[in-house]
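Student: For reference, the structure I am asking about is given below.
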Amino acid sequence: MPEWIDYFFNYFVIVYSAAVLLSYVAMAVLAYMEHRKHYTYHDDAYTIDELKKSPYTPGVSIVAPAYNEEKTVITNVQSLLSLDYPDFEVVIVNDGSKDRTLELLIENFDLVKVPYAYVEKIKTKPFRGLYKTKSDNPAFKRLTVVDKVNGGTKADASNAGVNVVSNKFFVCTDVDCVLDKYALYRIIWPTMYSTRRVIAVSATMRMSNGSLVEDGKMVETHPPHSLIPLFQDLEYTRSFLIGKTALARINALQNVSGGFGMFDREIVIKAGGYDGDSFAEDMDMVARMIRYMCDAGEDYRVVQIPETCCWTEGPPNFKVLNRQRTRWGRGLLQFFTVHHDMVWNRDYRRYGMLTLPYIMIFELIAPVIEFSGYLMVIYLFIKGAINYSTIWIAFLGLYIFAQLLTMVIISYDNWVGTSFKRKWDYLWFVLASLLEPVIYHPINVFFSLRGYWKHIWGTQMVWGNMTRKGVQQRQPQANPQPQQQPKPQNPDA
Amino acid sequence: MEYYTLSRYAYWKYYILIMYYRLAEYPPVVRVWFVFGAICLLLLVLIVLGNAMRTLAHYRFDRMVRHNHRRYFERMKEIVLSERTLELAEVSAILELPKNYKMRERHCRSYIPTLLELRQGLGDRLSRSNWQRLLQVLKMPAYFEDQVLSRSARKRVKAFKDVADLDANLKEAVASRYLFTKDRKLQMHARLHAARFGTSYPFKVLEEDPNLVFTQEMVVKYHNVLVYRSENGLAMPNFIRWCNRVPLNEELRIFAVNEIRLFGRKEDCAELLSMLQASREEDFSCALIRALGELKYVPAEKEFCRRYLSASFTERQVLAEAMGTIGSGNPEILKFLADDFLQTTDYVTRMILLRVLYNYGTRGREEFYRLKESTAEEYQPYFSHIECDLIDSSRYA
């Protein structure tokens with residue numbers, strides 16, 4: 001074996017791995033500080049009550065693009081319309097669906113085409129029309145359906161939605177997501193307590209696979225009981241409750257998820273809206289908003305809230321996971337190609353000096369280094385050169401660290417108000433964290449590299465349809481119980 | 001062969017030394033990794049134990065809350081719905097609290113959910129005097145005082161919120177020590193408490209604090225406090241004084257103007273108009289215009305017209321809306337709005353002008369249709385948009 005490979009693994013990879021672990025520890029500590037602050041000062045029920053009573057509560061628009069969603073669109077729009085908030089509107093963008101999505105919406109919500117004076121603040125594929133209800137149902141009056149020519153990406157559809165929203169803040173979500181009834185109160189709150197202008201708010205998202213949904217409302221939350229969504233649930237929880245919370249603590253949050261995130265409409269329009277060519281359009285959007293604020297010399301904040309506000313259906317099998325992760329991998333490399341000038345650039349403050357270098361070193365390069373590590377282990381195994389007396393210590397230490405991180409996120413989740421119905425549901429997380437390093441992680445490394453490969457060689461790639469199994473639906477009860485407002489937090493919790 | 005009896009400390013030393021000499025055979029990287037793994041293992045055990053203990057405490061507390069609810073809810077209801085003011089001994093007798101029962105912190109805390117449910121459920125029907133006596137028997141004022149004086153910031157903040165929700169009695173002196181604390185959140189809750197229950201002039205701190213940061217959260221909470229004071233016949237602040245005497249804090253001035261608007265204080269309109277004539281700040285001017293419009297102060301129209309042509313698009317939109325809200329029927333105003341529709345270059349302003357004309361009585365409607373006929377084809381979508389009843393054109397942005 002060439003000497004440089006020996007040096008590479010003995011020095012560079014060891015220092016790199018130590019830095020990764022230390023960054024996890026640092027983020028867990030930062031996240032702890034943020035959760036502690038939240039736990040000390042935030043009271044969900046009190047906040048909701050205050051906002052409900054006030055005439056100053058700002059309006060929020062929900063933008064949800066829909067493409068060939070005829071199976072789920074009606075239930076999900078009903079779910080969005082049943083949210084609890086004093087002033088909100090729901091804008092569904094029919095992105096040129098080929099199925100009966102638009103027809104079903106028209107039939108179920110009594111919609112008619114109206115002569116809306118559409119102004120294209122952000123360039124999109126041609127606008128075909130806007131629909132409003134003629135029904136007297138006050139809930140339906142909140143609904144607006146925009147019909148446009150298919151743009152091929154969620155970004156284009158979201159931009160059309162942004163062009164018609166009427167409130168200062170809009171939430172971008174997917175039409176298949178299940179939102180918490182009080183999600184809008186929670187996500188608007190950071191814009192009110194912050195002394196700086198909040199340009200985007202990210203909220204915790206979880207997997208809906210395994211949970212029980214009734215009339216589009218989440219009634220019982222459980223972890224997914226199949227392996228791939230379970231892994232992804234663990235990964236999401238870790239990412240939101242540790243990674244994103246820690247970065248938001250120092251105002252260096254890199255991404256507001258496209259599944260559920262709130263944005264300042266004015267800044268989004270000034271930043272040019274979502275980029276239809278991007279495979280990581282949510283991360284790209286946040287980068288361009290931050291770029292705009294920094295270039296304009298304005299102060300800003302991007303906030304992460306710990307409460308679970310949204311449940312989405314995770315990839316049910318490896319095929320869909322492959323498509324998702326390959327796209328993410330490709331999007332990440334594409335992101336750095338577009339925004340490379342922001343990396344190590346002091347003009348972009350912590351985002352340029354800390355977040356982007358961190359993501360570049362520990363997320364973009366990591367799959368390459370990990371893959372080289374796997375190849376090395378295989379090579380040493382074939383050669384019979386593995387030192388079995390030490391390798392068990394390395395693996396055991398790694399396992400213990402992985403379990404520790406899982407226990408930390410379980411504690412944080414408990415702290416911010418557990419989202420699972422039963423405490424022992426967390427054992428599924430423990431199971432997932434035992435298997436994750438040997439099953440899920442290596443597979444994701446491979447999918448990410450595949451995405452890089454496709455980006456480098458410019459392979460044509462389109463947004464695939466997500467194969468949806470649908471969440472468990474409970475049969476409607478004779479006398480359904482209304483969802484209770486969150487109880488006052490237990491001081492001992 | 002010699003035998004040694006190891007003491008407690010020596011046991012630990014013995015095993016650590018074994019581990020140390022065993023590890024000495026390994027390279028430094030493995031040794032560091034082993035120590036790291038051992039620390040992680042220790043933390044793991046501690047976190048698991050901590051979680052288990054917290055879960056147990058949570059379960060016990062929930063059980064206590066359920067028990068209290070089952071046992072006392074109806075009795076409490078009977079007390080607070082009583083038409084006669086009950087004596088403390090009577091309240092105690094109805095509750096049937098155990099004799100020589102020492103009320104601990106966790107007991108008091110466990111009553112809060114039941115009391116909250118009772119208060120929110122009964123609303124105005126409950127007798128205020130009996131409610132206060134019930135809290136007194138349960139020793140809630142003393143509990144809240146202890147909590148506010150405790151070392152935990154969470155307990156203090158929670159106590160202030162509970163006092164507000166339960167309308168409990170807490171001595172002003174207890175809260176006043178936090179009115180200028182460096183902990184901003186705690187400071188805000190202490191000030192809100194003082195503003196809600198204060199008897200003299202509790203808003204003095206707002207006027208005198210040079211470092212005041214008045215966030216939207218405070219706007220929401222202070223408004224709710226002012227509504228409470230207004231409903232309970234307590235003294236209200238002089239908003240005009242806030243507008244004039246607090247030049248440093250723009251947000252507080254805007255809040256004061258908005259409160260004049262929301263509380264419908266028409267008597268302050270003349271003062272607001274003179275402030276508008278002198279105002280140069282856009283946000284403050286917009287708040288003044290909105291207030292004068294919603295309070296339908298007709299003499300302000302002249303000033304609105306004077307400001308209009310030199311104003312920004314945002315201010316013009318507010319001015320047009322205000323003129324529409326006043327709706328004095330002045331033909332000059334209608335002509336003014338119609339002329340600006342033809343001149344303006346901003347599409348949102350154009351839409352607002354059309355909407356104001358459309359909703360400005362019969363004359364406004366006539367002017368709207370005259371414009372519709374006389375303007376070019378490219379403007380027709382605006383007219384159709386306004387005419388469509390299904391579209392809420394007030395939300396156009």
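Going through the structure tokens in order, the chains are called A, B, and so on, while each chain numbers its residues from 1 and the ligands are numbered from 1 in the order shown.
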Could you list, as a ChimeraX atom specification, every residue of chain A that has an atom within 8 Å of an atom of chain B, counting only C-alpha atoms?
Tutor: /A:39-41,46,50-51,53-57,114-117,132-134,164-167,189,191-195,390,393-394,396-398,400-401,403-404,407-408,411,488,490-493
Student: Let's have the selection written as a compact mmCIF listing (two decimals), in the first residue's frame, with N, CA and C atoms.
Tutor:
```txt
# COMPACT_ATOMS: atom_id res chain seq x y z
N TYR A 39 -37.50 26.14 27.41
CA TYR A 39 -38.21 25.51 28.52
C TYR A 39 -38.49 26.52 29.64
N THR A 40 -37.52 27.42 29.86
CA THR A 40 -37.66 28.38 30.95
C THR A 40 -38.72 29.43 30.65
N TYR A 41 -38.72 29.94 29.43
CA TYR A 41 -39.55 31.11 29.16
C TYR A 41 -40.80 30.84 28.32
N TYR A 46 -50.17 29.34 27.10
CA TYR A 46 -50.24 30.78 27.42
C TYR A 46 -50.06 31.62 26.16
N GLU A 50 -52.74 34.15 24.40
CA GLU A 50 -52.45 35.58 24.20
C GLU A 50 -52.68 35.98 22.73
N LEU A 51 -52.19 35.12 21.82
CA LEU A 51 -52.32 35.45 20.39
C LEU A 51 -53.76 35.40 19.92
N LYS A 53 -56.38 36.21 21.55
CA LYS A 53 -57.15 37.36 22.02
C LYS A 53 -56.77 38.66 21.33
N SER A 54 -55.56 38.67 20.72
CA SER A 54 -55.01 39.96 20.30
C SER A 54 -55.39 40.37 18.87
N PRO A 55 -55.72 41.65 18.67
CA PRO A 55 -55.94 42.12 17.29
C PRO A 55 -54.62 42.36 16.54
N TYR A 56 -53.51 42.26 17.27
CA TYR A 56 -52.20 42.50 16.64
C TYR A 56 -51.59 41.23 16.04
N THR A 57 -52.23 40.09 16.23
CA THR A 57 -51.68 38.83 15.71
C THR A 57 -51.59 38.90 14.18
N VAL A 114 -62.24 33.12 -10.83
CA VAL A 114 -62.53 34.54 -10.61
C VAL A 114 -61.52 35.40 -11.39
N PRO A 115 -61.94 36.63 -11.74
CA PRO A 115 -61.03 37.49 -12.53
C PRO A 115 -59.97 38.15 -11.65
N TYR A 116 -59.05 37.39 -11.16
CA TYR A 116 -58.03 37.90 -10.25
C TYR A 116 -56.96 38.66 -11.04
N ALA A 117 -56.59 39.86 -10.56
CA ALA A 117 -55.56 40.66 -11.24
C ALA A 117 -54.18 40.14 -10.83
N LYS A 132 -61.95 30.74 -6.36
CA LYS A 132 -62.42 31.03 -5.00
C LYS A 132 -63.78 30.35 -4.82
N THR A 133 -64.14 30.16 -3.57
CA THR A 133 -65.40 29.45 -3.31
C THR A 133 -66.61 30.40 -3.42
N LYS A 134 -67.72 29.81 -3.85
CA LYS A 134 -68.97 30.59 -3.81
C LYS A 134 -69.86 30.12 -2.66
N VAL A 164 -49.45 35.33 -5.10
CA VAL A 164 -50.83 35.70 -4.74
C VAL A 164 -51.08 35.80 -3.24
N VAL A 165 -50.11 35.42 -2.40
CA VAL A 165 -50.40 35.49 -0.95
C VAL A 165 -50.53 36.95 -0.52
N SER A 166 -51.35 37.16 0.51
CA SER A 166 -51.64 38.54 0.89
C SER A 166 -51.04 38.92 2.23
N ASN A 167 -50.45 37.95 2.95
CA ASN A 167 -49.91 38.29 4.27
C ASN A 167 -48.41 38.50 4.23
N TRP A 189 -44.69 32.91 16.46
CA TRP A 189 -44.24 33.50 17.72
C TRP A 189 -42.81 34.08 17.68
N THR A 191 -41.30 35.58 15.38
CA THR A 191 -41.27 36.88 14.70
C THR A 191 -41.73 37.98 15.66
N MET A 192 -42.41 37.58 16.72
CA MET A 192 -42.96 38.58 17.63
C MET A 192 -42.03 38.87 18.79
N TYR A 193 -41.33 37.86 19.28
CA TYR A 193 -40.48 38.15 20.45
C TYR A 193 -39.08 38.61 20.06
N SER A 194 -38.71 38.40 18.82
CA SER A 194 -37.35 38.75 18.43
C SER A 194 -37.19 40.27 18.29
N THR A 195 -36.01 40.74 18.68
CA THR A 195 -35.75 42.17 18.53
C THR A 195 -35.19 42.47 17.14
N THR A 390 -7.87 -4.16 18.49
CA THR A 390 -8.21 -2.75 18.72
C THR A 390 -9.51 -2.32 18.04
N ILE A 393 -12.62 -1.90 20.11
CA ILE A 393 -12.69 -0.69 20.96
C ILE A 393 -13.26 0.47 20.13
N ALA A 394 -12.75 0.58 18.89
CA ALA A 394 -13.21 1.66 18.01
C ALA A 394 -14.71 1.55 17.75
N LEU A 396 -16.99 -0.18 19.47
CA LEU A 396 -17.77 -0.06 20.70
C LEU A 396 -17.93 1.42 21.09
N GLY A 397 -16.82 2.16 21.01
CA GLY A 397 -16.86 3.59 21.33
C GLY A 397 -17.85 4.32 20.43
N LEU A 398 -17.81 3.97 19.16
CA LEU A 398 -18.70 4.62 18.19
C LEU A 398 -20.17 4.30 18.49
N ILE A 400 -21.40 3.43 21.40
CA ILE A 400 -21.83 4.10 22.64
C ILE A 400 -22.14 5.56 22.34
N PHE A 401 -21.31 6.19 21.49
CA PHE A 401 -21.54 7.59 21.15
C PHE A 401 -22.87 7.76 20.40
N GLN A 403 -25.46 5.83 20.64
CA GLN A 403 -26.55 5.64 21.61
C GLN A 403 -26.71 6.86 22.49
N LEU A 404 -25.56 7.45 22.84
CA LEU A 404 -25.61 8.66 23.68
C LEU A 404 -26.37 9.77 22.96
N MET A 407 -30.00 9.08 23.08
CA MET A 407 -30.59 9.37 24.39
C MET A 407 -30.72 10.88 24.59
N VAL A 408 -29.75 11.62 24.06
CA VAL A 408 -29.82 13.09 24.18
C VAL A 408 -31.04 13.62 23.45
N SER A 411 -34.15 12.85 25.32
CA SER A 411 -34.31 13.77 26.47
C SER A 411 -34.81 15.13 26.00
N PRO A 488 -51.29 23.30 30.12
CA PRO A 488 -50.15 24.02 30.68
C PRO A 488 -49.04 23.01 30.98
N ASN A 490 -46.18 20.89 32.57
CA ASN A 490 -45.90 20.44 33.91
C ASN A 490 -44.52 20.95 34.31
N PRO A 491 -44.40 21.67 35.40
CA PRO A 491 -43.09 22.21 35.78
C PRO A 491 -42.06 21.12 36.05
N ASP A 492 -42.53 19.92 36.35
CA ASP A 492 -41.58 18.82 36.63
C ASP A 492 -41.12 18.12 35.38
N ALA A 493 -41.81 18.39 34.27
CA ALA A 493 -41.53 17.59 33.08
C ALA A 493 -40.09 17.76 32.64
```
Student: Which of stretch 15-173 of chain B end up as helix (DSSP H, G or I) when DSSP is run on this backbone - answer as JSON, numbers by chain?
Tutor: {"B": [15, 16, 17, 18, 19, 20, 21, 22, 23, 28, 29, 30, 31, 32, 33, 34, 35, 36, 37, 38, 39, 40, 41, 42, 43, 44, 45, 46, 47, 48, 49, 50, 51, 52, 53, 54, 55, 56, 57, 58, 59, 60, 61, 62, 63, 64, 65, 66, 67, 68, 69, 70, 71, 72, 73, 74, 75, 76, 77, 78, 79, 80, 81, 88, 89, 90, 91, 92, 93, 94, 95, 105, 106, 107, 108, 109, 110, 111, 112, 113, 114, 115, 116, 117, 118, 119, 120, 121, 122, 123, 124, 125, 128, 129, 130, 131, 132, 133, 134, 135, 136, 137, 140, 141, 142, 143, 144, 145, 146, 147, 148, 153, 154, 155, 156, 157, 158, 159, 160, 161, 162, 163, 164, 165, 166, 172, 173]}
Student: Quick one: residues within 12 Å of A:Lys270, only C-alpha atoms, excluding same-chain residues fewer than 5 positions away - as a compact mmCIF listing (two decimals) with N, CA and C atoms, in the first residue's frame?
Tutor:
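The result, written out as part_17.txt:
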```txt
# COMPACT_ATOMS: atom_id res chain seq x y z
N LYS A 121 -44.82 38.84 -9.67
CA LYS A 121 -43.66 39.45 -8.97
C LYS A 121 -42.45 38.54 -9.12
N ILE A 122 -42.67 37.24 -9.09
CA ILE A 122 -41.59 36.28 -9.35
C ILE A 122 -41.98 35.53 -10.62
N VAL A 162 -46.50 32.35 -3.94
CA VAL A 162 -45.99 33.58 -3.31
C VAL A 162 -46.54 34.81 -4.02
N ILE A 199 -36.49 36.54 9.27
CA ILE A 199 -36.81 36.36 7.85
C ILE A 199 -37.31 34.95 7.54
N ASP A 264 -40.50 35.38 5.30
CA ASP A 264 -40.94 36.76 5.13
C ASP A 264 -41.13 36.99 3.63
N ARG A 265 -42.37 37.26 3.24
CA ARG A 265 -42.71 37.34 1.82
C ARG A 265 -41.90 38.42 1.09
N MET A 285 -32.94 28.93 -1.18
CA MET A 285 -33.78 30.09 -0.86
C MET A 285 -33.25 30.82 0.37
N ARG A 288 -30.10 32.70 -0.41
CA ARG A 288 -30.31 33.94 -1.16
C ARG A 288 -30.96 35.03 -0.30
N MET A 289 -31.79 34.61 0.64
CA MET A 289 -32.39 35.60 1.56
C MET A 289 -31.30 36.20 2.45
N ILE A 290 -30.42 35.32 2.94
CA ILE A 290 -29.34 35.80 3.80
C ILE A 290 -28.38 36.69 3.00
N ARG A 291 -28.12 36.27 1.79
CA ARG A 291 -27.25 37.07 0.91
C ARG A 291 -27.85 38.48 0.73
N TYR A 292 -29.16 38.53 0.49
CA TYR A 292 -29.82 39.82 0.30
C TYR A 292 -29.70 40.69 1.56
N MET A 293 -29.98 40.09 2.72
CA MET A 293 -29.95 40.85 3.97
C MET A 293 -28.54 41.36 4.26
N ASP A 295 -26.03 41.80 2.05
CA ASP A 295 -25.66 42.79 1.04
C ASP A 295 -26.31 44.15 1.34
N ALA A 296 -27.55 44.09 1.86
CA ALA A 296 -28.25 45.33 2.18
C ALA A 296 -27.81 45.89 3.53
```
Student: Quick one: pull the distance between atom CA of B:Ala300 and atom CA of B:Asn359, Å, one decimal.
Tutor: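 Separating atom CA of B:Ala300 from atom CA of B:Asn359 is a distance of 19.7 Å.
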Student: For stretch 361-373 of chain B, list every protein, DNA or RNA residue within 9 Å, evaluated using only C-alpha atoms, and leave out those in the same chain fewer than 3 positions away; present the list as a compact mmCIF listing (two decimals) with N, CA and C atoms, in the first residue's frame.
Tutor:
```txt
# COMPACT_ATOMS: atom_id res chain seq x y z
N GLY B 327 -65.19 58.29 4.64
CA GLY B 327 -66.37 58.30 3.77
C GLY B 327 -67.27 59.51 3.98
N GLY B 329 -68.13 61.74 1.95
CA GLY B 329 -68.96 62.06 0.79
C GLY B 329 -68.51 63.32 0.09
N PRO B 331 -67.09 65.50 -2.57
CA PRO B 331 -66.81 65.22 -3.99
C PRO B 331 -65.36 65.49 -4.36
N LEU B 334 -63.33 62.38 -3.81
CA LEU B 334 -63.55 61.39 -4.86
C LEU B 334 -62.75 61.74 -6.11
N LYS B 335 -62.77 63.01 -6.45
CA LYS B 335 -62.03 63.47 -7.64
C LYS B 335 -60.53 63.25 -7.42
N ALA B 338 -59.74 59.58 -7.79
CA ALA B 338 -59.85 59.16 -9.19
C ALA B 338 -58.68 59.68 -10.02
N PHE B 341 -55.61 57.62 -9.42
CA PHE B 341 -55.64 56.31 -10.08
C PHE B 341 -55.00 56.40 -11.47
N LEU B 342 -55.26 57.50 -12.14
CA LEU B 342 -54.72 57.66 -13.50
C LEU B 342 -53.23 57.99 -13.50
N LEU B 354 -59.00 51.98 -6.40
CA LEU B 354 -60.23 51.48 -7.03
C LEU B 354 -61.18 50.90 -5.99
N ARG B 355 -60.62 50.15 -5.05
CA ARG B 355 -61.47 49.54 -4.02
C ARG B 355 -62.15 50.61 -3.17
N VAL B 356 -61.38 51.66 -2.83
CA VAL B 356 -61.94 52.75 -2.02
C VAL B 356 -63.09 53.41 -2.78
N LEU B 357 -62.86 53.67 -4.08
CA LEU B 357 -63.91 54.29 -4.89
C LEU B 357 -65.15 53.40 -4.96
N TYR B 358 -64.92 52.11 -5.18
CA TYR B 358 -66.03 51.16 -5.34
C TYR B 358 -66.90 51.09 -4.09
N ALA B 376 -57.93 52.58 -20.34
CA ALA B 376 -57.50 51.66 -21.40
C ALA B 376 -57.78 50.20 -21.04
N TYR B 379 -56.08 48.17 -18.06
CA TYR B 379 -56.50 48.36 -16.67
C TYR B 379 -57.77 47.57 -16.32
N GLN B 380 -58.40 47.00 -17.33
CA GLN B 380 -59.70 46.35 -17.08
C GLN B 380 -59.63 45.20 -16.06
N PHE B 383 -60.44 46.39 -12.61
CA PHE B 383 -61.86 46.67 -12.37
C PHE B 383 -62.64 45.38 -12.14
```
Student: So which residues touch stretch 336-351 of chain A within 7 Å, counting only C-alpha atoms, skipping near sequence neighbours fewer than 5 positions away, as a list in words?
Tutor: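 Here the qualifying residues turn out to be Ala252, Arg291, Cys294, Leu356 and Pro357 of chain A.
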Student: Hey, can you spit out that residue selection with C-alpha atoms as a short mmCIF file (atom, residue, chain, number, x, y, z; two decimals), in the first residue's frame?
Tutor:
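Output file out.cif follows:
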```cif
data_model
loop_
_atom_site.label_atom_id
_atom_site.label_comp_id
_atom_site.auth_asym_id
_atom_site.auth_seq_id
_atom_site.Cartn_x
_atom_site.Cartn_y
_atom_site.Cartn_z
CA ALA A 252 -26.31 30.44 11.60
CA ARG A 291 -27.25 37.07 0.91
CA CYS A 294 -26.15 40.90 4.31
CA LEU A 356 -21.14 26.99 4.99
CA PRO A 357 -17.57 25.88 5.80
#
```
